[in-house]
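Dumped coords_34.pdb below, it's PDB, C-alpha atoms and all ligand atoms:
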ATOM      1  CA  MET A   7       0.000   0.000   0.000  1.00  0.00           C
ATOM      2  CA  GLY A   8       1.810   3.038  -1.289  1.00  0.00           C
ATOM      3  CA  ASN A   9       1.464   6.352   0.438  1.00  0.00           C
ATOM      4  CA  ARG A  10      -0.425   8.953  -1.482  1.00  0.00           C
ATOM      5  CA  ILE A  11       1.439  12.162  -2.170  1.00  0.00           C
ATOM      6  CA  LEU A  12       0.144  15.431  -3.551  1.00  0.00           C
ATOM      7  CA  LEU A  13       2.760  17.299  -5.531  1.00  0.00           C
ATOM      8  CA  VAL A  14       2.011  20.952  -6.230  1.00  0.00           C
ATOM      9  CA  GLU A  15       4.673  22.351  -8.520  1.00  0.00           C
ATOM     10  CA  ASP A  16       4.262  24.568 -11.557  1.00  0.00           C
ATOM     11  CA  GLU A  17       7.662  23.975 -13.101  1.00  0.00           C
ATOM     12  CA  GLU A  18       6.878  21.155 -15.447  1.00  0.00           C
ATOM     13  CA  LYS A  19      10.377  19.736 -15.588  1.00  0.00           C
ATOM     14  CA  ILE A  20      10.799  19.560 -11.833  1.00  0.00           C
ATOM     15  CA  ALA A  21       7.275  18.256 -11.360  1.00  0.00           C
ATOM     16  CA  ARG A  22       7.749  15.486 -13.889  1.00  0.00           C
ATOM     17  CA  PHE A  23      11.117  14.488 -12.487  1.00  0.00           C
ATOM     18  CA  VAL A  24       9.920  14.405  -8.883  1.00  0.00           C
ATOM     19  CA  GLU A  25       6.798  12.525  -9.926  1.00  0.00           C
ATOM     20  CA  LEU A  26       8.817   9.816 -11.655  1.00  0.00           C
ATOM     21  CA  GLU A  27      11.101   9.414  -8.670  1.00  0.00           C
ATOM     22  CA  LEU A  28       8.158   9.185  -6.280  1.00  0.00           C
ATOM     23  CA  LEU A  29       6.420   6.628  -8.474  1.00  0.00           C
ATOM     24  CA  HIS A  30       9.646   4.675  -8.620  1.00  0.00           C
ATOM     25  CA  GLU A  31       9.721   4.641  -4.813  1.00  0.00           C
ATOM     26  CA  GLY A  32       6.238   3.155  -4.807  1.00  0.00           C
ATOM     27  CA  TYR A  33       4.278   6.252  -3.875  1.00  0.00           C
ATOM     28  CA  GLU A  34       1.008   7.153  -5.490  1.00  0.00           C
ATOM     29  CA  VAL A  35       1.281  10.678  -6.907  1.00  0.00           C
ATOM     30  CA  VAL A  36      -1.273  13.340  -7.710  1.00  0.00           C
ATOM     31  CA  LYS A  37       0.307  16.282  -9.494  1.00  0.00           C
ATOM     32  CA  LYS A  38      -1.076  19.818  -9.675  1.00  0.00           C
ATOM     33  CA  LYS A  39       0.669  22.734 -11.276  1.00  0.00           C
ATOM     34  CA  ASP A  40      -1.543  25.550 -10.175  1.00  0.00           C
ATOM     35  CA  GLY A  41      -2.122  26.944  -6.685  1.00  0.00           C
ATOM     36  CA  ARG A  42      -5.889  26.804  -6.679  1.00  0.00           C
ATOM     37  CA  ALA A  43      -6.040  23.327  -8.135  1.00  0.00           C
ATOM     38  CA  GLY A  44      -3.511  22.280  -5.525  1.00  0.00           C
ATOM     39  CA  LEU A  45      -5.563  23.720  -2.698  1.00  0.00           C
ATOM     40  CA  THR A  46      -8.744  22.079  -3.940  1.00  0.00           C
ATOM     41  CA  ALA A  47      -7.052  18.706  -4.166  1.00  0.00           C
ATOM     42  CA  ALA A  48      -5.478  19.130  -0.732  1.00  0.00           C
ATOM     43  CA  LEU A  49      -8.822  19.931   0.857  1.00  0.00           C
ATOM     44  CA  GLU A  50     -11.053  17.513  -0.982  1.00  0.00           C
ATOM     45  CA  GLU A  51      -8.881  14.439  -1.193  1.00  0.00           C
ATOM     46  CA  THR A  52      -6.863  12.571   1.377  1.00  0.00           C
ATOM     47  CA  PHE A  53      -3.098  12.453   1.141  1.00  0.00           C
ATOM     48  CA  ASP A  54      -0.376  11.041   3.316  1.00  0.00           C
ATOM     49  CA  LEU A  55       1.916  13.927   2.486  1.00  0.00           C
ATOM     50  CA  ILE A  56       2.051  17.104   0.405  1.00  0.00           C
ATOM     51  CA  VAL A  57       5.084  18.462  -1.430  1.00  0.00           C
ATOM     52  CA  LEU A  58       4.300  22.101  -1.972  1.00  0.00           C
ATOM     53  CA  ASP A  59       6.157  24.653  -4.040  1.00  0.00           C
ATOM     54  CA  VAL A  60       5.913  28.182  -2.643  1.00  0.00           C
ATOM     55  CA  MET A  61       5.939  30.199  -5.855  1.00  0.00           C
ATOM     56  CA  LEU A  62       2.836  29.116  -7.721  1.00  0.00           C
ATOM     57  CA  PRO A  63       0.419  30.672 -10.168  1.00  0.00           C
ATOM     58  CA  SER A  64      -2.990  31.779  -8.849  1.00  0.00           C
ATOM     59  CA  LEU A  65      -2.320  30.959  -5.214  1.00  0.00           C
ATOM     60  CA  ASN A  66       0.891  31.090  -3.228  1.00  0.00           C
ATOM     61  CA  GLY A  67       2.124  27.920  -1.530  1.00  0.00           C
ATOM     62  CA  LEU A  68       2.186  29.612   1.872  1.00  0.00           C
ATOM     63  CA  GLU A  69      -1.455  30.541   1.512  1.00  0.00           C
ATOM     64  CA  ILE A  70      -2.281  26.959   0.559  1.00  0.00           C
ATOM     65  CA  LEU A  71      -0.352  25.789   3.595  1.00  0.00           C
ATOM     66  CA  ARG A  72      -2.296  28.069   5.934  1.00  0.00           C
ATOM     67  CA  ARG A  73      -5.636  26.968   4.581  1.00  0.00           C
ATOM     68  CA  VAL A  74      -4.803  23.272   4.635  1.00  0.00           C
ATOM     69  CA  ARG A  75      -3.529  23.539   8.204  1.00  0.00           C
ATOM     70  CA  LYS A  76      -6.925  24.741   9.351  1.00  0.00           C
ATOM     71  CA  GLU A  77      -8.334  21.413   8.263  1.00  0.00           C
ATOM     72  CA  SER A  78      -5.629  18.834   8.542  1.00  0.00           C
ATOM     73  CA  ASN A  79      -2.303  17.763   9.970  1.00  0.00           C
ATOM     74  CA  VAL A  80      -1.091  16.117   6.791  1.00  0.00           C
ATOM     75  CA  PRO A  81       2.706  16.423   6.584  1.00  0.00           C
ATOM     76  CA  ILE A  82       3.726  19.224   4.250  1.00  0.00           C
ATOM     77  CA  ILE A  83       7.183  19.755   2.790  1.00  0.00           C
ATOM     78  CA  LEU A  84       7.739  23.152   1.209  1.00  0.00           C
ATOM     79  CA  LEU A  85       9.939  23.796  -1.781  1.00  0.00           C
ATOM     80  CA  THR A  86      11.343  27.289  -1.503  1.00  0.00           C
ATOM     81  CA  ALA A  87      13.467  29.450  -3.729  1.00  0.00           C
ATOM     82  CA  ARG A  88      17.135  29.711  -2.917  1.00  0.00           C
ATOM     83  CA  ASP A  89      17.308  32.948  -1.017  1.00  0.00           C
ATOM     84  CA  SER A  90      13.864  33.318   0.432  1.00  0.00           C
ATOM     85  CA  VAL A  91      14.651  33.080   4.135  1.00  0.00           C
ATOM     86  CA  MET A  92      11.319  34.760   4.801  1.00  0.00           C
ATOM     87  CA  ASP A  93       9.448  31.971   3.051  1.00  0.00           C
ATOM     88  CA  LYS A  94      11.138  29.375   5.199  1.00  0.00           C
ATOM     89  CA  VAL A  95      10.348  31.188   8.410  1.00  0.00           C
ATOM     90  CA  ALA A  96       6.787  31.929   7.349  1.00  0.00           C
ATOM     91  CA  GLY A  97       6.382  28.352   6.168  1.00  0.00           C
ATOM     92  CA  LEU A  98       7.509  26.806   9.403  1.00  0.00           C
ATOM     93  CA  ASP A  99       5.407  29.286  11.338  1.00  0.00           C
ATOM     94  CA  ALA A 100       2.387  28.347   9.268  1.00  0.00           C
ATOM     95  CA  GLY A 101       2.886  24.687  10.079  1.00  0.00           C
ATOM     96  CA  ALA A 102       5.102  23.213   7.398  1.00  0.00           C
ATOM     97  CA  ASP A 103       6.834  20.075   8.594  1.00  0.00           C
ATOM     98  CA  ASP A 104       9.956  20.690   6.613  1.00  0.00           C
ATOM     99  CA  TYR A 105      11.320  22.638   3.669  1.00  0.00           C
ATOM    100  CA  LEU A 106      13.832  22.161   0.917  1.00  0.00           C
ATOM    101  CA  THR A 107      15.617  24.863  -0.957  1.00  0.00           C
ATOM    102  CA  LYS A 108      15.724  24.684  -4.724  1.00  0.00           C
ATOM    103  CA  PRO A 109      17.647  23.259  -6.405  1.00  0.00           C
ATOM    104  CA  PHE A 110      17.650  20.142  -4.266  1.00  0.00           C
ATOM    105  CA  ALA A 111      18.947  16.627  -4.695  1.00  0.00           C
ATOM    106  CA  ILE A 112      16.097  14.196  -5.192  1.00  0.00           C
ATOM    107  CA  GLU A 113      17.592  11.844  -2.585  1.00  0.00           C
ATOM    108  CA  GLU A 114      17.282  14.658  -0.096  1.00  0.00           C
ATOM    109  CA  LEU A 115      13.602  15.090  -0.852  1.00  0.00           C
ATOM    110  CA  LEU A 116      12.988  11.341  -0.666  1.00  0.00           C
ATOM    111  CA  ALA A 117      14.726  11.193   2.705  1.00  0.00           C
ATOM    112  CA  ARG A 118      12.676  14.101   4.065  1.00  0.00           C
ATOM    113  CA  ILE A 119       9.506  12.428   2.838  1.00  0.00           C
ATOM    114  CA  ARG A 120      10.383   9.178   4.600  1.00  0.00           C
ATOM    115  CA  VAL A 121      11.075  11.027   7.833  1.00  0.00           C
ATOM    116  CA  ALA A 122       7.837  13.020   7.646  1.00  0.00           C
ATOM    117  CA  LEU A 123       5.783   9.897   6.913  1.00  0.00           C
ATOM    118  CA  LYS A 124       7.405   8.026   9.758  1.00  0.00           C
ATOM    119  CA  ARG A 125       6.752  10.883  12.132  1.00  0.00           C
ATOM    120  CA  ARG A 126       3.134  10.911  11.044  1.00  0.00           C
ATOM    121  CA  ARG A 127       2.767   7.176  11.576  1.00  0.00           C
ATOM    122  CA  MET A 128       4.128   7.534  15.077  1.00  0.00           C
ATOM    123  CA  SER A 129       1.900  10.446  15.954  1.00  0.00           C
ATOM    124  CA  ASN A 130      -1.068   8.595  14.483  1.00  0.00           C
ATOM    125  CA  GLN A 131      -0.572   5.933  17.065  1.00  0.00           C
ATOM    126  CA  GLU A 132      -0.946   8.618  19.688  1.00  0.00           C
ATOM    127  CA  THR A 133      -3.895  10.304  18.089  1.00  0.00           C
ATOM    128  CA  HIS A 134      -6.145   7.330  17.667  1.00  0.00           C
ATOM    129  CA  THR A 135      -6.255   6.606  14.021  1.00  0.00           C
ATOM    130  CA  LEU A 136      -7.556   3.120  13.439  1.00  0.00           C
ATOM    131  CA  VAL A 137      -6.847   1.432  10.149  1.00  0.00           C
ATOM    132  CA  VAL A 138      -8.279  -1.800   8.824  1.00  0.00           C
ATOM    133  CA  GLY A 139      -7.541  -2.453   5.173  1.00  0.00           C
ATOM    134  CA  ASP A 140      -8.781   0.554   3.234  1.00  0.00           C
ATOM    135  CA  VAL A 141     -10.861   1.845   6.102  1.00  0.00           C
ATOM    136  CA  GLU A 142      -9.426   4.581   8.274  1.00  0.00           C
ATOM    137  CA  LEU A 143     -11.120   5.940  11.348  1.00  0.00           C
ATOM    138  CA  ASP A 144      -9.872   9.128  12.953  1.00  0.00           C
ATOM    139  CA  SER A 145     -11.431   9.504  16.368  1.00  0.00           C
ATOM    140  CA  ASP A 146     -10.000  12.974  16.937  1.00  0.00           C
ATOM    141  CA  ARG A 147     -11.595  14.320  13.805  1.00  0.00           C
ATOM    142  CA  HIS A 148     -14.568  12.005  14.053  1.00  0.00           C
ATOM    143  CA  GLU A 149     -14.006  10.984  10.487  1.00  0.00           C
ATOM    144  CA  VAL A 150     -14.107   7.766   8.534  1.00  0.00           C
ATOM    145  CA  THR A 151     -12.524   7.405   5.127  1.00  0.00           C
ATOM    146  CA  VAL A 152     -12.432   4.503   2.716  1.00  0.00           C
ATOM    147  CA  ARG A 153      -9.670   4.756   0.148  1.00  0.00           C
ATOM    148  CA  GLY A 154      -9.408   8.404   1.033  1.00  0.00           C
ATOM    149  CA  GLU A 155     -13.084   9.050   0.464  1.00  0.00           C
ATOM    150  CA  ASN A 156     -15.149  10.442   3.308  1.00  0.00           C
ATOM    151  CA  VAL A 157     -17.976   8.278   4.587  1.00  0.00           C
ATOM    152  CA  GLU A 158     -20.768  10.086   6.386  1.00  0.00           C
ATOM    153  CA  LEU A 159     -21.795   8.231   9.518  1.00  0.00           C
ATOM    154  CA  THR A 160     -24.203   9.052  12.290  1.00  0.00           C
ATOM    155  CA  ASN A 161     -22.789   9.191  15.818  1.00  0.00           C
ATOM    156  CA  ARG A 162     -24.016   5.750  16.683  1.00  0.00           C
ATOM    157  CA  GLU A 163     -22.703   4.198  13.500  1.00  0.00           C
ATOM    158  CA  PHE A 164     -19.378   5.855  14.188  1.00  0.00           C
ATOM    159  CA  GLU A 165     -19.215   4.580  17.771  1.00  0.00           C
ATOM    160  CA  LEU A 166     -20.110   1.095  16.651  1.00  0.00           C
ATOM    161  CA  LEU A 167     -17.507   1.022  13.909  1.00  0.00           C
ATOM    162  CA  SER A 168     -14.915   2.529  16.230  1.00  0.00           C
ATOM    163  CA  CYS A 169     -15.600  -0.145  18.862  1.00  0.00           C
ATOM    164  CA  LEU A 170     -15.300  -2.947  16.312  1.00  0.00           C
ATOM    165  CA  MET A 171     -12.117  -1.511  14.803  1.00  0.00           C
ATOM    166  CA  GLU A 172     -10.517  -1.036  18.216  1.00  0.00           C
ATOM    167  CA  ASN A 173     -11.216  -4.668  18.924  1.00  0.00           C
ATOM    168  CA  LYS A 174     -10.135  -5.873  15.525  1.00  0.00           C
ATOM    169  CA  GLY A 175     -10.099  -9.655  15.354  1.00  0.00           C
ATOM    170  CA  ILE A 176     -12.123 -10.021  18.550  1.00  0.00           C
ATOM    171  CA  VAL A 177     -15.725 -11.139  18.303  1.00  0.00           C
ATOM    172  CA  MET A 178     -17.941  -8.594  19.997  1.00  0.00           C
ATOM    173  CA  ASP A 179     -21.297  -9.746  21.289  1.00  0.00           C
ATOM    174  CA  ARG A 180     -24.371  -7.593  20.939  1.00  0.00           C
ATOM    175  CA  GLU A 181     -24.405  -6.752  24.617  1.00  0.00           C
ATOM    176  CA  LYS A 182     -20.933  -5.258  24.534  1.00  0.00           C
ATOM    177  CA  LEU A 183     -21.703  -3.364  21.374  1.00  0.00           C
ATOM    178  CA  ILE A 184     -24.903  -1.986  22.736  1.00  0.00           C
ATOM    179  CA  ASN A 185     -23.151  -0.719  25.850  1.00  0.00           C
ATOM    180  CA  THR A 186     -20.726   1.131  23.633  1.00  0.00           C
ATOM    181  CA  VAL A 187     -23.245   2.516  21.230  1.00  0.00           C
ATOM    182  CA  CYS A 188     -26.273   3.160  23.399  1.00  0.00           C
ATOM    183  CA  GLY A 189     -24.779   3.400  26.879  1.00  0.00           C
ATOM    184  CA  TYR A 190     -24.965   1.038  29.822  1.00  0.00           C
ATOM    185  CA  ASP A 191     -28.435   2.117  30.810  1.00  0.00           C
ATOM    186  CA  TYR A 192     -29.981   1.133  27.508  1.00  0.00           C
ATOM    187  CA  ILE A 193     -33.127  -0.908  27.905  1.00  0.00           C
ATOM    188  CA  GLY A 194     -34.538  -2.460  24.802  1.00  0.00           C
ATOM    189  CA  GLU A 195     -33.914  -4.890  22.032  1.00  0.00           C
ATOM    190  CA  THR A 196     -30.295  -5.832  21.444  1.00  0.00           C
ATOM    191  CA  ASN A 197     -31.101  -6.377  17.799  1.00  0.00           C
ATOM    192  CA  ILE A 198     -30.907  -2.643  17.363  1.00  0.00           C
ATOM    193  CA  ILE A 199     -27.217  -3.418  16.839  1.00  0.00           C
ATOM    194  CA  ASP A 200     -28.148  -5.479  13.802  1.00  0.00           C
ATOM    195  CA  VAL A 201     -29.863  -2.449  12.389  1.00  0.00           C
ATOM    196  CA  TYR A 202     -26.778  -0.266  12.813  1.00  0.00           C
ATOM    197  CA  ILE A 203     -24.581  -3.016  11.407  1.00  0.00           C
ATOM    198  CA  ARG A 204     -26.821  -3.079   8.359  1.00  0.00           C
ATOM    199  CA  TYR A 205     -26.423   0.683   7.927  1.00  0.00           C
ATOM    200  CA  LEU A 206     -22.652   0.362   8.221  1.00  0.00           C
ATOM    201  CA  ARG A 207     -22.552  -2.437   5.700  1.00  0.00           C
ATOM    202  CA  THR A 208     -24.588  -0.410   3.256  1.00  0.00           C
ATOM    203  CA  LYS A 209     -22.294   2.567   3.647  1.00  0.00           C
ATOM    204  CA  ILE A 210     -18.983   0.709   3.658  1.00  0.00           C
ATOM    205  CA  ASP A 211     -19.029  -2.983   2.714  1.00  0.00           C
ATOM    206  CA  ASP A 212     -21.589  -2.744  -0.077  1.00  0.00           C
ATOM    207  CA  ARG A 213     -20.539   0.607  -1.408  1.00  0.00           C
ATOM    208  CA  TYR A 214     -16.849  -0.251  -1.652  1.00  0.00           C
ATOM    209  CA  GLY A 215     -17.216  -3.947  -2.316  1.00  0.00           C
ATOM    210  CA  ILE A 216     -15.248  -5.003   0.724  1.00  0.00           C
ATOM    211  CA  LYS A 217     -15.912  -7.480   3.484  1.00  0.00           C
ATOM    212  CA  LEU A 218     -15.226  -5.510   6.630  1.00  0.00           C
ATOM    213  CA  ILE A 219     -17.817  -6.586   9.156  1.00  0.00           C
ATOM    214  CA  HIS A 220     -18.245 -10.319   9.666  1.00  0.00           C
ATOM    215  CA  THR A 221     -21.212 -11.906  11.400  1.00  0.00           C
ATOM    216  CA  VAL A 222     -20.523 -14.586  13.972  1.00  0.00           C
ATOM    217  CA  ARG A 223     -23.771 -16.484  14.171  1.00  0.00           C
ATOM    218  CA  GLY A 224     -25.430 -16.466  17.543  1.00  0.00           C
ATOM    219  CA  VAL A 225     -22.724 -14.276  19.026  1.00  0.00           C
ATOM    220  CA  GLY A 226     -22.132 -10.956  17.366  1.00  0.00           C
ATOM    221  CA  TYR A 227     -19.756  -9.265  15.006  1.00  0.00           C
ATOM    222  CA  VAL A 228     -16.079  -8.979  14.254  1.00  0.00           C
ATOM    223  CA  ILE A 229     -13.909  -6.867  12.003  1.00  0.00           C
ATOM    224  CA  LYS A 230     -11.005  -8.708  10.470  1.00  0.00           C
ATOM    225  CA  ASP A 231      -7.935  -7.313   8.813  1.00  0.00           C
ATOM    226  CA  ASN A 232      -8.313  -9.301   5.644  1.00  0.00           C
ATOM    227  CA  THR A 233     -10.263  -6.804   3.623  1.00  0.00           C
ATOM    228  CA  ASP A 234      -8.308  -7.395   0.483  1.00  0.00           C
ATOM    229  CA  THR A 235      -9.799  -5.026  -2.024  1.00  0.00           C
ATOM    230  CA  SER A 236      -7.171  -5.284  -4.691  1.00  0.00           C
ATOM    231  CA  LYS A 237      -9.287  -7.611  -6.758  1.00  0.00           C
TER     232      LYS A 237
HETATM  233 CA    CA A 301       7.256  27.564  -8.779  1.00  0.00          CA
END

Serialized structure, structure tokens:
Amino acid sequence: MGNRILLVEDEEKIARFVELELLHEGYEVVKKKDGRAGLTAALEETFDLIVLDVMLPSLNGLEILRRVRKESNVPIILLTARDSVMDKVAGLDAGADDYLTKPFAIEELLARIRVALKRRRMSNQETHTLVVGDVELDSDRHEVTVRGENVELTNREFELLSCLMENKGIVMDREKLINTVCGYDYIGETNIIDVYIRYLRTKIDDRYGIKLIHTVRGVGYVIKDNTDTSK
């Protein structure tokens, strides 16, 4: 599973070169050569990292950085012009993870990317991101994505999915699930869980053609990490 990188760079030659190197390293690359297009992609899609040139047509890289930071903690590496000390300072102030001065050696960029991705993985473990196959649940942002696409869930669906993902591989009976989703003082049918499971399956399993939630007859449900969706 390659990390997905957004590359915003208007200089065609550099963009193409960096893209090829990233692809060669096994990353998935989305390339934009205009500031606004870059911002739109950064806000509407999900990336593991953004490589962002500062000098861009239509919208400056620093401005993109500021706007993206309001929404997300995705690692961002800035590409700055040789003598623009101000850009570097402003970039780091605005929340860039790192910067590289042009011209740079591609190995340097690749190394910085690896470091930033590793740092993100480590901080993800602290900030409660649960991942099972293509499904990612961010409990801080209360957000679920499948292959980078946002899935709208109600609070109860979210709690249920979160409970199952936290206990990946462990069969959860309806009682346990109901305590999580409805609270310990819930009085009523436990098959309400089946209803929420059905909603989740419609929104995730069916929609993306994956087998995330497994039924264990007579017991409850389990999420397994074998949601191979490559086929
Ligand atoms: Ca540029």

Hey, could you make a per-residue contact list for chain A against ligand CA 301 (chain A) with 6 Å as the cut-off, showing the nearest pair of atoms and its distance in Å to one decimal, counting all atoms listed in the file, sorted by chain and number, as CSV?
residue,atom,partner,partner_atom,distance
A:Glu15,CA,A:CA301,CA,5.8
A:Asp16,CA,A:CA301,CA,5.1
A:Glu17,CA,A:CA301,CA,5.6
A:Asp59,CA,A:CA301,CA,5.7
A:Met61,CA,A:CA301,CA,4.2
A:Leu62,CA,A:CA301,CA,4.8

Point to revise | Glu69 of chain A surroundings by all atoms listed in the file, 10 Å radius, close-in-sequence under 5 positions cut, as an MDAnalysis selection string | key: chainID A and resid 41 45 60 74:75 97 100

Need the shell around Glu165 of chain A: protein/DNA/RNA residues with any atom at most 9 Å away, counting all atoms listed in the file. Skip same-chain ones fewer than 4 positions apart. Format as a PDB file with C-alpha atoms, in the frame of the given file?
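What ended up in result.pdb:
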ATOM      1  CA  THR A 160     -24.203   9.052  12.290  1.00  0.00           C
ATOM      2  CA  ASN A 161     -22.789   9.191  15.818  1.00  0.00           C
ATOM      3  CA  CYS A 169     -15.600  -0.145  18.862  1.00  0.00           C
ATOM      4  CA  LEU A 170     -15.300  -2.947  16.312  1.00  0.00           C
ATOM      5  CA  THR A 186     -20.726   1.131  23.633  1.00  0.00           C
ATOM      6  CA  VAL A 187     -23.245   2.516  21.230  1.00  0.00           C
TER       7      VAL A 187
END

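The gap separating atom CA of Thr46 of chain A from atom CA of Glu113 of chain A is 28.3 Å, in Å to one decimal.
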
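Evaluated on this file, the PyMOL selection byres (((chain A and resi 205-211) around 9) and not hetatm) matches Val141, Val152, Val157, Glu158, Leu159, Glu163, Phe164, Leu166, Leu167, Asp200, Val201, Tyr202, Ile203, Arg204, Asp212, Arg213, Tyr214, Gly215, Ile216, Lys217, Leu218 and Ile219 of chain A.
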
Once the PyMOL selection byres (((chain A and resi 119-124) around 10) and not hetatm) is applied to the coordinates I shared, what remains selected? I want it as a PDB file with C-alpha atoms, in the frame of the given file.
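Output file expr.pdb is given in full below:
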ATOM      1  CA  ASN A   9       1.464   6.352   0.438  1.00  0.00           C
ATOM      2  CA  ILE A  11       1.439  12.162  -2.170  1.00  0.00           C
ATOM      3  CA  LEU A  28       8.158   9.185  -6.280  1.00  0.00           C
ATOM      4  CA  ASP A  54      -0.376  11.041   3.316  1.00  0.00           C
ATOM      5  CA  LEU A  55       1.916  13.927   2.486  1.00  0.00           C
ATOM      6  CA  ILE A  56       2.051  17.104   0.405  1.00  0.00           C
ATOM      7  CA  VAL A  57       5.084  18.462  -1.430  1.00  0.00           C
ATOM      8  CA  VAL A  80      -1.091  16.117   6.791  1.00  0.00           C
ATOM      9  CA  PRO A  81       2.706  16.423   6.584  1.00  0.00           C
ATOM     10  CA  ILE A  82       3.726  19.224   4.250  1.00  0.00           C
ATOM     11  CA  ILE A  83       7.183  19.755   2.790  1.00  0.00           C
ATOM     12  CA  ASP A 103       6.834  20.075   8.594  1.00  0.00           C
ATOM     13  CA  ASP A 104       9.956  20.690   6.613  1.00  0.00           C
ATOM     14  CA  GLU A 113      17.592  11.844  -2.585  1.00  0.00           C
ATOM     15  CA  GLU A 114      17.282  14.658  -0.096  1.00  0.00           C
ATOM     16  CA  LEU A 115      13.602  15.090  -0.852  1.00  0.00           C
ATOM     17  CA  LEU A 116      12.988  11.341  -0.666  1.00  0.00           C
ATOM     18  CA  ALA A 117      14.726  11.193   2.705  1.00  0.00           C
ATOM     19  CA  ARG A 118      12.676  14.101   4.065  1.00  0.00           C
ATOM     20  CA  ARG A 125       6.752  10.883  12.132  1.00  0.00           C
ATOM     21  CA  ARG A 126       3.134  10.911  11.044  1.00  0.00           C
ATOM     22  CA  ARG A 127       2.767   7.176  11.576  1.00  0.00           C
ATOM     23  CA  MET A 128       4.128   7.534  15.077  1.00  0.00           C
ATOM     24  CA  SER A 129       1.900  10.446  15.954  1.00  0.00           C
ATOM     25  CA  ASN A 130      -1.068   8.595  14.483  1.00  0.00           C
TER      26      ASN A 130
END

Exercise for review: Using the chain letters and numbering of this document, enumerate as a ChimeraX atom specification the residues selected by the PyMOL selection byres (((chain A and resi 108) around 10) and not hetatm).
Suggested key: /A:59,85-89,105-107,109-111

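Pairwise distance (atom CA of Ala48 of chain A, atom CA of Leu12 of chain A) equals 7.3 Å.
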
Hey, can I get the axis-aligned box for segment 88-91 of chain A? All listed atoms, 6 Å padding on each side, centre and edge lengths in Å to one decimal, as lines of an AutoDock Vina configuration file.
center_x = 15.6
center_y = 31.5
center_z = 0.6
size_x = 15.4
size_y = 15.6
size_z = 19.1

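Taking atom CA of Leu65 of chain A as the reference point, atom CA of Glu149 of chain A is found at 28.0 Å.
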
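Closest approach to Glu181 of chain A among A:His30, A:Leu143, A:Gly67, A:Gly194 is made by A:Gly194 (distances from only C-alpha atoms).
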
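Once Val14 of chain A and its same-chain neighbours fewer than 2 positions away are set aside, Lys37, Lys38, Lys39, Gly44, Leu58 and Asp59 of chain A remain within 6 Å of it when counting only C-alpha atoms.
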
Any chance you could export the current selection's C-alpha atoms as a PDB file, in the frame of the given file?
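Printed below is selection05.pdb as written:
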ATOM      1  CA  LYS A  37       0.307  16.282  -9.494  1.00  0.00           C
ATOM      2  CA  LYS A  38      -1.076  19.818  -9.675  1.00  0.00           C
ATOM      3  CA  LYS A  39       0.669  22.734 -11.276  1.00  0.00           C
ATOM      4  CA  GLY A  44      -3.511  22.280  -5.525  1.00  0.00           C
ATOM      5  CA  LEU A  58       4.300  22.101  -1.972  1.00  0.00           C
ATOM      6  CA  ASP A  59       6.157  24.653  -4.040  1.00  0.00           C
TER       7      ASP A  59
END

Practice item. Can you pull out every residue within 10 Å of Ser64 of chain A, counting all atoms listed in the file, but drop anything in the same chain fewer than 4 positions away, and send it as a PyMOL selection string? Key: chain A and resi 40-43

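Nearest-residue note for Glu34 of chain A: choosing from A:Phe53, A:Ile20, A:Ile184, A:Arg162, the minimum distance belongs to A:Phe53, counting all atoms listed in the file.
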
Contact residues around Arg153 of chain A with all atoms listed in the file at 10 Å, ignoring same-chain residues under 4 positions, as a CSV table (one decimal) with C-alpha atoms, in the frame of the given file:
chain,number,residue,atom,x,y,z
A,51,GLU,CA,-8.9,14.4,-1.2
A,52,THR,CA,-6.9,12.6,1.4
A,139,GLY,CA,-7.5,-2.5,5.2
A,140,ASP,CA,-8.8,0.6,3.2
A,141,VAL,CA,-10.9,1.8,6.1
A,142,GLU,CA,-9.4,4.6,8.3
A,214,TYR,CA,-16.8,-0.3,-1.7

Quick test: take segment 75-83 of chain A, keep N, CA and C atoms, and write it as a compact mmCIF listing (two decimals), in the first residue's frame.
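Heads up, here's the output in selection.txt:
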# COMPACT_ATOMS: atom_id res chain seq x y z
N ARG A 75 -3.78 23.76 6.79
CA ARG A 75 -3.53 23.54 8.20
C ARG A 75 -4.76 23.74 9.08
N LYS A 76 -5.69 24.56 8.59
CA LYS A 76 -6.92 24.74 9.35
C LYS A 76 -7.74 23.46 9.39
N GLU A 77 -7.51 22.61 8.39
CA GLU A 77 -8.33 21.41 8.26
C GLU A 77 -7.60 20.13 8.60
N SER A 78 -6.30 20.11 8.42
CA SER A 78 -5.63 18.83 8.54
C SER A 78 -4.18 18.93 8.97
N ASN A 79 -3.68 17.83 9.52
CA ASN A 79 -2.30 17.76 9.97
C ASN A 79 -1.42 16.99 9.00
N VAL A 80 -1.87 16.85 7.78
CA VAL A 80 -1.09 16.12 6.79
C VAL A 80 0.33 16.71 6.72
N PRO A 81 1.35 15.88 6.68
CA PRO A 81 2.71 16.42 6.58
C PRO A 81 2.89 17.22 5.29
N ILE A 82 3.51 18.38 5.42
CA ILE A 82 3.73 19.22 4.25
C ILE A 82 5.20 19.62 4.18
N ILE A 83 5.80 19.35 3.03
CA ILE A 83 7.18 19.76 2.79
C ILE A 83 7.17 20.87 1.75
